[in-house]
>>> print(open('entry.txt').read())   # compact mmCIF, C-alpha atoms and all ligand atoms
# COMPACT_ATOMS: atom_id res chain seq x y z
CA MET A 607 69.51 -65.75 -33.60
CA SER A 608 68.25 -62.30 -34.53
CA GLN A 609 67.74 -59.58 -31.94
CA PHE A 610 63.98 -60.04 -32.33
CA GLU A 611 64.12 -63.80 -31.64
CA ALA A 612 66.45 -63.17 -28.70
CA TYR A 613 64.00 -60.63 -27.33
CA MET A 614 60.96 -62.86 -27.74
CA SER A 615 62.64 -65.87 -26.15
CA SER A 616 64.10 -63.97 -23.19
CA PRO A 617 62.59 -65.54 -20.06
CA LEU A 618 61.18 -63.47 -17.20
CA LYS A 619 64.02 -62.74 -14.84
CA PHE A 620 64.26 -61.21 -11.39
CA PRO A 621 65.67 -58.66 -11.24
CA LEU A 622 66.12 -57.44 -14.80
CA LEU A 623 67.62 -54.16 -13.68
CA SER A 624 71.17 -53.10 -14.40
CA ALA A 625 73.10 -51.41 -11.59
CA ALA A 626 72.43 -47.97 -13.12
CA GLN A 627 68.70 -48.67 -13.47
CA PHE A 628 68.63 -50.00 -9.89
CA PHE A 629 70.15 -46.85 -8.41
CA HIS A 630 67.94 -44.69 -10.59
CA ARG A 631 64.86 -46.45 -9.18
CA ILE A 632 66.22 -46.10 -5.63
CA GLN A 633 66.59 -42.36 -6.25
CA ILE A 634 63.00 -42.07 -7.49
CA ILE A 635 61.67 -44.10 -4.56
CA LEU A 636 63.59 -41.97 -2.03
CA ILE A 637 62.41 -38.69 -3.55
CA PHE A 638 58.83 -40.02 -3.71
CA SER A 639 58.95 -41.26 -0.10
CA VAL A 640 60.32 -37.93 1.19
CA LEU A 641 57.61 -36.04 -0.71
CA MET A 642 54.89 -38.35 0.68
CA ILE A 643 56.18 -37.93 4.25
CA ILE A 644 56.28 -34.13 3.89
CA LEU A 645 52.79 -34.10 2.37
CA ASN A 646 51.35 -36.37 5.07
CA ARG A 647 53.11 -34.46 7.81
CA PHE A 648 51.65 -31.20 6.48
CA ALA A 649 48.16 -32.71 6.20
CA PHE A 650 48.49 -34.13 9.73
CA TYR A 651 49.51 -30.73 11.08
CA LEU A 652 46.65 -28.95 9.31
CA ALA A 653 44.12 -31.53 10.45
CA LEU A 654 45.19 -31.09 14.09
CA LYS A 655 45.19 -27.30 13.90
CA GLN A 656 42.19 -26.54 11.75
CA LYS A 657 40.04 -29.68 11.84
CA ASP A 658 39.59 -29.30 8.11
CA PHE A 659 37.10 -31.86 6.79
CA THR A 660 38.83 -32.48 3.41
CA ILE A 661 42.17 -33.18 5.08
CA THR A 662 40.59 -35.42 7.67
CA LEU A 663 38.95 -37.33 4.81
CA TRP A 664 42.36 -37.65 3.05
CA LEU A 665 43.94 -39.05 6.22
CA TYR A 666 41.00 -41.43 6.55
CA CYS A 667 41.53 -42.61 2.93
CA ILE A 668 45.21 -43.43 3.49
CA GLY A 669 44.46 -45.09 6.81
CA LEU A 670 45.90 -42.47 9.13
CA LYS A 671 42.72 -41.06 10.61
CA ASP A 672 43.00 -43.12 13.81
CA SER A 673 46.52 -41.90 14.29
CA LEU A 674 45.48 -38.26 14.55
CA LYS A 675 45.75 -38.35 18.30
CA ASP A 676 48.84 -40.55 18.48
CA THR A 677 52.07 -39.43 16.81
CA ARG A 678 53.80 -42.77 17.35
CA MET A 679 50.98 -44.65 15.63
CA TYR A 680 51.13 -42.10 12.79
CA ARG A 681 54.83 -42.75 12.30
CA GLN A 682 54.31 -46.52 12.29
CA ARG A 683 51.61 -46.25 9.65
CA VAL A 684 53.77 -44.04 7.42
CA ILE A 685 56.61 -46.58 7.68
CA ILE A 686 54.26 -49.46 6.82
CA LEU A 687 52.78 -47.56 3.84
CA SER A 688 56.23 -46.57 2.54
CA SER A 689 57.60 -50.13 2.84
CA PHE A 690 54.55 -51.38 0.97
CA ALA A 691 55.15 -48.82 -1.85
CA VAL A 692 58.84 -49.75 -2.07
CA SER A 693 58.13 -53.52 -2.23
CA ALA A 694 55.38 -53.03 -4.83
CA THR A 695 57.69 -50.93 -7.02
CA PHE A 696 60.46 -53.54 -6.87
CA LEU A 697 58.07 -56.37 -7.62
CA LEU A 698 56.67 -54.54 -10.66
CA CYS A 699 60.14 -53.59 -11.94
CA GLY A 700 61.45 -57.13 -11.58
CA CYS A 701 58.57 -58.86 -13.34
CA SER A 702 58.43 -56.71 -16.44
CA LYS A 703 59.88 -57.86 -19.79
CA PRO A 704 62.76 -55.70 -20.97
CA THR A 705 61.54 -52.79 -23.07
CA ARG A 706 63.38 -52.28 -26.35
CA LEU A 707 64.47 -48.74 -25.74
CA PRO A 708 66.56 -47.16 -28.47
CA THR A 709 70.25 -47.17 -27.61
CA ILE A 710 71.73 -43.69 -27.52
CA PHE A 711 75.24 -43.32 -28.89
CA GLY A 712 77.43 -40.31 -28.31
CA GLU A 713 76.62 -37.47 -25.98
CA GLY A 714 74.56 -34.32 -25.91
CA LYS A 715 73.61 -32.67 -29.17
CA ASN A 716 75.34 -35.23 -31.35
CA SER A 717 73.76 -38.34 -29.85
CA VAL A 718 72.32 -40.79 -32.35
CA SER A 719 69.10 -42.57 -31.73
CA PHE A 720 69.66 -46.13 -32.92
CA GLN A 721 67.05 -48.83 -33.00
CA THR A 722 66.62 -52.20 -34.63
CA ARG A 723 62.98 -52.68 -35.48
CA PHE A 724 61.24 -55.89 -36.47
CA ILE A 725 58.99 -54.98 -39.40
CA GLY A 726 57.53 -58.34 -40.36
CA ALA A 727 58.34 -61.93 -41.27
CA SER A 728 59.20 -63.60 -44.58
CA PHE A 729 57.16 -66.46 -46.07
CA GLU A 730 59.20 -68.92 -44.02
CA ASN A 731 58.87 -66.76 -40.93
CA ARG A 732 62.35 -65.26 -40.88
CA PRO A 733 62.41 -61.75 -39.37
CA ILE A 734 62.82 -58.76 -41.68
CA GLU A 735 64.29 -55.93 -39.66
CA CYS A 736 65.17 -52.30 -40.16
CA ILE A 737 67.91 -50.38 -38.41
CA ILE A 738 66.64 -46.86 -37.77
CA LEU A 739 69.30 -44.20 -37.18
CA GLY A 740 68.58 -40.59 -36.31
CA ALA A 741 65.27 -38.89 -35.63
CA GLY A 742 65.19 -36.08 -38.19
CA ASN A 743 62.66 -35.36 -40.91
CA ASP A 744 64.86 -35.97 -43.97
CA VAL A 745 64.48 -39.72 -44.46
CA SER A 746 66.62 -42.03 -46.62
CA PHE A 747 65.71 -45.69 -47.07
CA ILE A 748 68.49 -48.08 -48.07
CA LEU A 749 67.74 -51.74 -48.65
CA ALA A 750 69.85 -54.71 -49.71
CA THR A 751 69.49 -58.29 -50.87
CA ILE A 752 65.98 -58.12 -52.30
CA HIS A 753 67.51 -60.78 -54.56
CA GLY A 754 68.83 -63.50 -52.25
CA ASP A 755 71.89 -64.32 -54.37
CA GLU A 756 73.20 -60.72 -54.25
CA PRO A 757 74.48 -60.58 -50.66
CA ALA A 758 77.28 -57.97 -50.97
CA GLY A 759 74.74 -55.21 -50.25
CA THR A 760 73.97 -56.67 -46.82
CA THR A 761 77.63 -56.40 -45.73
CA LEU A 762 77.75 -52.86 -47.10
CA VAL A 763 74.58 -51.80 -45.25
CA MET A 764 75.92 -53.20 -41.96
CA GLU A 765 79.15 -51.23 -42.49
CA LEU A 766 77.06 -48.12 -43.20
CA SER A 767 75.22 -48.62 -39.91
CA GLN A 768 78.54 -48.81 -38.02
CA TYR A 769 79.87 -45.72 -39.81
CA LEU A 770 76.79 -43.63 -39.01
CA GLN A 771 76.97 -44.59 -35.34
CA GLN A 772 80.49 -43.21 -35.28
CA LYS A 773 79.53 -40.05 -37.21
CA PRO A 774 76.39 -38.88 -35.42
CA GLU A 775 76.77 -35.38 -36.87
CA LEU A 776 75.66 -36.79 -40.24
CA LEU A 777 72.29 -37.64 -38.73
CA ILE A 778 71.33 -34.20 -37.47
CA GLY A 779 67.96 -33.44 -39.06
CA ARG A 780 68.01 -36.82 -40.80
CA LYS A 781 66.70 -40.32 -40.35
CA VAL A 782 68.24 -43.32 -42.09
CA VAL A 783 66.18 -46.49 -42.43
CA LEU A 784 68.36 -49.50 -43.30
CA MET A 785 66.97 -52.89 -44.33
CA PRO A 786 70.04 -55.18 -44.48
CA VAL A 787 68.16 -58.22 -45.80
CA ALA A 788 64.92 -57.78 -47.73
CA ASN A 789 64.75 -61.42 -48.87
CA PRO A 790 66.03 -63.62 -45.99
CA ASP A 791 64.57 -66.88 -47.39
CA GLY A 792 66.35 -66.27 -50.72
CA LEU A 793 69.59 -65.35 -48.92
CA VAL A 794 69.58 -68.63 -46.97
CA ARG A 795 69.16 -70.59 -50.26
CA ASN A 796 71.51 -68.29 -52.22
CA GLN A 797 68.74 -67.88 -54.80
CA ARG A 798 67.34 -64.76 -56.49
CA HIS A 799 63.68 -65.44 -55.68
CA ASN A 800 61.93 -65.82 -52.35
CA ALA A 801 60.91 -69.19 -50.83
CA ARG A 802 57.87 -69.38 -53.13
CA GLY A 803 59.96 -68.78 -56.24
CA VAL A 804 58.74 -65.20 -56.77
CA ASP A 805 61.06 -62.38 -57.88
CA LEU A 806 60.28 -59.77 -55.22
CA ASN A 807 61.57 -56.96 -57.41
CA ARG A 808 58.73 -57.72 -59.87
CA ASN A 809 56.00 -58.07 -57.26
CA PHE A 810 55.17 -54.42 -56.54
CA SER A 811 51.85 -52.75 -57.27
CA VAL A 812 52.49 -50.76 -60.44
CA ALA A 813 50.77 -50.39 -63.83
CA ASN A 814 53.59 -52.07 -65.80
CA ARG A 815 53.62 -55.29 -63.75
CA LEU A 816 53.11 -58.75 -65.30
CA TYR A 817 51.04 -61.50 -63.72
CA ASN A 818 52.66 -64.92 -63.64
CA ALA A 819 54.21 -67.48 -61.29
CA VAL A 820 57.64 -65.79 -61.16
CA TYR A 821 56.36 -62.19 -60.82
CA GLY A 822 53.43 -63.21 -58.57
CA TYR A 823 49.83 -63.70 -59.66
CA SER A 824 48.79 -60.55 -57.85
CA ALA A 825 50.60 -57.35 -56.86
CA LEU A 826 52.21 -57.56 -53.41
CA SER A 827 51.33 -61.25 -53.17
CA GLU A 828 54.59 -61.82 -51.23
CA PRO A 829 55.05 -60.84 -47.56
CA GLU A 830 58.56 -59.49 -48.25
CA ALA A 831 57.27 -57.06 -50.92
CA ARG A 832 54.43 -55.98 -48.61
CA ILE A 833 56.99 -55.27 -45.85
CA ILE A 834 59.07 -53.03 -48.17
CA GLU A 835 55.92 -51.24 -49.31
CA HIS A 836 54.90 -50.79 -45.66
CA VAL A 837 58.27 -49.23 -44.77
CA ILE A 838 57.94 -46.74 -47.65
CA ARG A 839 54.39 -45.85 -46.65
CA GLU A 840 55.30 -45.42 -42.98
CA TYR A 841 58.62 -43.57 -43.25
CA LYS A 842 57.90 -41.64 -46.49
CA PRO A 843 61.57 -41.54 -47.55
CA ALA A 844 62.83 -38.59 -49.59
CA ARG A 845 65.28 -40.97 -51.34
CA ILE A 846 65.70 -44.73 -51.73
CA VAL A 847 68.79 -46.76 -52.58
CA SER A 848 68.33 -50.43 -53.49
CA ILE A 849 71.56 -52.44 -53.59
CA HIS A 850 71.94 -55.29 -56.09
CA GLN A 851 74.61 -57.28 -57.94
CA PRO A 852 76.12 -58.13 -60.45
CA PHE A 853 75.87 -55.48 -63.19
CA GLY A 854 78.38 -53.01 -61.71
CA CYS A 855 76.53 -49.81 -62.55
CA ILE A 856 74.29 -47.07 -61.21
CA ASP A 857 70.71 -46.94 -62.44
CA TYR A 858 67.85 -44.75 -61.25
CA ASP A 859 64.11 -44.23 -61.50
CA GLY A 860 62.06 -41.14 -60.74
CA PRO A 861 63.70 -37.74 -60.16
CA ALA A 862 67.10 -39.14 -59.07
CA LYS A 863 69.36 -38.17 -62.00
CA ILE A 864 71.64 -35.73 -60.13
CA LEU A 865 72.04 -38.05 -57.13
CA ALA A 866 72.72 -41.01 -59.44
CA GLU A 867 75.43 -39.02 -61.26
CA GLN A 868 77.03 -38.12 -57.94
CA MET A 869 76.94 -41.73 -56.76
CA ALA A 870 78.40 -42.94 -60.07
CA GLN A 871 81.28 -40.52 -59.68
CA LEU A 872 81.97 -41.52 -56.07
CA THR A 873 81.69 -45.29 -56.62
CA ARG A 874 83.44 -45.19 -60.02
CA LEU A 875 80.60 -47.21 -61.48
CA PRO A 876 79.14 -46.22 -64.87
CA MET A 877 75.64 -44.80 -65.12
CA LYS A 878 73.39 -47.15 -67.09
CA LYS A 879 69.72 -46.69 -67.65
CA LEU A 880 68.45 -50.26 -67.49
CA GLY A 881 64.83 -49.16 -67.90
CA ALA A 882 61.87 -49.52 -65.53
CA MET A 883 61.41 -53.27 -65.04
CA PRO A 884 57.81 -54.49 -64.80
CA GLY A 885 56.55 -54.54 -61.21
CA SER A 886 59.94 -53.45 -59.84
CA LEU A 887 60.56 -51.29 -56.79
CA GLY A 888 62.08 -48.71 -59.15
CA SER A 889 58.87 -48.55 -61.19
CA SER A 890 56.65 -48.45 -58.12
CA ALA A 891 58.56 -45.99 -55.92
CA GLY A 892 60.37 -43.98 -58.62
CA VAL A 893 57.98 -43.78 -61.54
CA GLU A 894 54.59 -44.04 -59.82
CA LEU A 895 55.22 -42.44 -56.41
CA GLY A 896 57.86 -39.98 -57.68
CA ILE A 897 60.42 -40.86 -54.99
CA PRO A 898 64.02 -40.59 -56.27
CA ILE A 899 65.38 -44.15 -56.24
CA VAL A 900 68.88 -45.24 -57.16
CA THR A 901 69.77 -48.85 -57.92
CA LEU A 902 73.35 -49.50 -56.85
CA GLU A 903 74.47 -52.54 -58.85
CA LEU A 904 77.66 -53.90 -57.30
CA LEU A 905 80.12 -56.11 -59.19
CA PRO A 906 79.74 -59.92 -59.56
CA ASP A 907 82.51 -60.80 -57.10
CA ASP A 908 81.89 -58.04 -54.57
CA HIS A 909 80.44 -60.47 -52.00
CA LYS A 910 83.90 -62.04 -51.78
CA LEU A 911 85.39 -58.74 -50.58
CA ASP A 912 85.77 -58.00 -46.90
CA ALA A 913 83.58 -55.33 -45.32
CA GLN A 914 86.34 -52.66 -45.17
CA THR A 915 87.17 -52.99 -48.88
CA LEU A 916 83.48 -52.83 -49.80
CA TRP A 917 83.10 -49.74 -47.65
CA ARG A 918 86.15 -48.05 -49.20
CA ARG A 919 84.72 -48.60 -52.68
CA TYR A 920 81.08 -47.75 -52.14
CA GLY A 921 80.69 -46.04 -48.74
CA ALA A 922 80.97 -42.49 -50.09
CA GLY A 923 78.22 -43.22 -52.62
CA LEU A 924 75.83 -44.24 -49.86
CA ILE A 925 76.71 -41.25 -47.68
CA ALA A 926 76.07 -39.00 -50.71
CA ALA A 927 72.53 -40.43 -50.88
CA ILE A 928 71.97 -39.82 -47.16
CA ILE A 929 73.20 -36.22 -47.07
CA TYR A 930 71.89 -35.25 -50.55
CA PRO A 931 71.95 -32.50 -51.77
CA GLU A 932 74.85 -31.58 -49.45
CA THR A 933 78.31 -32.87 -50.30
CA ASP A 934 80.59 -31.32 -47.67
CA ALA A 935 80.55 -34.25 -45.26
CA LEU A 936 81.44 -36.94 -47.82
CA PRO A 937 84.14 -39.38 -46.64
CA GLY A 938 87.55 -38.33 -47.97
CA LYS A 939 86.61 -34.64 -48.23
ZN ZN B 1001 69.15 -57.83 -58.24
>>> encode(input="entry.txt", output="C-alpha cells")
Amino acid sequence: MSQFEAYMSSPLKFPLLSAAQFFHRIQIILIFSVLMIILNRFAFYLALKQKDFTITLWLYCIGLKDSLKDTRMYRQRVIILSSFAVSATFLLCGCSKPTRLPTIFGEGKNSVSFQTRFIGASFENRPIECIILGAGNDVSFILATIHGDEPAGTTLVMELSQYLQQKPELLIGRKVVLMPVANPDGLVRNQRHNARGVDLNRNFSVANRLYNAVYGYSALSEPEARIIEHVIREYKPARIVSIHQPFGCIDYDGPAKILAEQMAQLTRLPMKKLGAMPGSLGSSAGVELGIPIVTLELLPDDHKLDAQTLWRRYGAGLIAAIIYPETDALPGK
C-alpha cells in the first residue's frame, strides 16, 4: 500500500494526537485561557470603575453583563466559558483527518524538508508520487522507470532519497524532485509500455513526434506522460535526469553536455549521443523547452544488483546532477 492509499483509507480516530501534539495543544489552551481571564478581568474592572459603554457591551456579548455586580457569578461564568472552549478545541482536534505535514529531518539550519506528494494516477489508477526534498530555488527533477521493464532506476532513486536525507547540507538552496516510478502499470507487468500499450517516452508534445498506436494517437494521450509534463511545468527544474536501462551509457538533450560529461566520468559509463527520439521526454524538455536533460542508461543486469552496489556505482553521478555546477560535495571527494 502506498503512503497515499494509506492516508486515504485511514479511518477517523479519536484522538489522533501524539503525546507531543497533545502537550503542545495543552500549552496553547492554557496560555489562551490565562489571556482571556486577564482580558475579562481587566474589562470587568474598567466597567465597574468607569461605566464605559463599549466594555459593558463586550461583557454583555460574552454573557457576563449580569455578573457585573456579583464577583462569584462572574467567576462561575468564566469557568463555564473556559471549559466550553477547552472541550470544543479537543473535539475539533480529535475529529480532524491527519494533515500530511512535511517531515523535518535534522536540526536547525541543516534541516531537510521532506515530503511525498501524490501527483496523479496511472491509467489503471496506481498512484504516481514524487518525493520532494529541500525548499530551495535550484530544482533538479530525477525520474525512473518510465519504461516499466527498466526497474533498476527506481531502486537507485530510493537510495538517493535516503542519502539526501542524511546529507541535508546538499539541499541548502536546492530542491530535488524525485519520481521513483513514472510507469507503475508497466512496472507491475514488467513491460516497457503502459497498460494501454503506449511507449510513454514517445508520447510527449513535441514537433518530431509520430502518431500511432504505440506512440499514442495524440500528444500526451497517456495520464503518466501528462503527470510528468505537469511536474516539469509546476517545478520548472533547472536540470532533469531520466534513468533507463539497458544501454549502459550517458546521453543528453538540450544544453546538458558538460553535466553529461561529468556524469559519464563519475559513473564510468561512455557518452553516447543516441539522438532525439520522436516524442521523447528528451526531445520535449531538452530540445523544445531548453532544459538540460541527461538520460542515464544503466546496464542490462543492474536491476539484479542490491541497492548499495547500485548506489556505489551511480550515486556520485546523480549527486553531480543535483549540485551542478558545483563539484566539491561529490561522494568520495
Ligand atoms: Zn528506457
>>> closest_atom_pairs(input="entry.txt", of="segment 823-852 of chain A", to="segment 857-870 of chain A", cutoff="10 Å", atoms="only C-alpha atoms", output="Markdown table")
| residue | atom | partner | partner_atom | distance |
| --- | --- | --- | --- | --- |
| A:Arg845 | CA | A:Ala862 | CA | 8.1 |
| A:Ile846 | CA | A:Ala862 | CA | 9.3 |
| A:Val847 | CA | A:Tyr858 | CA | 8.9 |
| A:Ser848 | CA | A:Tyr858 | CA | 9.6 |
>>> closest_residue(input="entry.txt", among="A:Arg832, A:His850, A:Arg780, A:Arg732", to="Ile925 of chain A", atoms="only C-alpha atoms")
A:Arg780
>>> closest_residue(input="entry.txt", among="A:Ala844, A:Ile725, A:Ile635, A:Met785", to="Ala694 of chain A", atoms="all atoms listed in the file")
A:Ile635
>>> atom_distance(input="entry.txt", atom1="atom CA of Arg874 of chain A", atom2="atom CA of Glu894 of chain A")
28.9 Å
>>> closest_residue(input="entry.txt", among="A:Gln851, A:Ser767, A:Gln871, A:Asn646", to="ligand ZN 1001 (chain B)", atoms="all atoms listed in the file")
A:Gln851
>>> residues_around(input="entry.txt", residues="segment 908-924 of chain A", least_positions_apart="5", cutoff="7 Å", atoms="all atoms listed in the file", output="MDAnalysis selection string")
chainID A and resid 757:758 761:762 765:766 869 872:873 936:937
>>> residues_near_ligand(input="entry.txt", ligand="ligand ZN 1001 (chain B)", cutoff="10 Å", atoms="all atoms listed in the file", output="ChimeraX atom specification")
/A:750-757,798-799,805-807,848-853,901-904
>>> residues_around(input="entry.txt", residues="Ala819 of chain A", least_positions_apart="3", cutoff="10 Å", atoms="all atoms listed in the file", output="list in words")
Arg802, Gly803, Val804, Asp805, Leu816, Gly822, Tyr823 and Ser824 of chain A
>>> residues_near_point(input="entry.txt", point="(53.5, -57.0, -67.0)", cutoff="12 Å", atoms="all atoms listed in the file", output="ChimeraX atom specification")
/A:808-825,882-886,889
>>> closest_residue(input="entry.txt", among="A:Gly759, A:Pro843, A:Pro733, A:Gly854", to="Pro876 of chain A", atoms="all atoms listed in the file")
A:Gly854
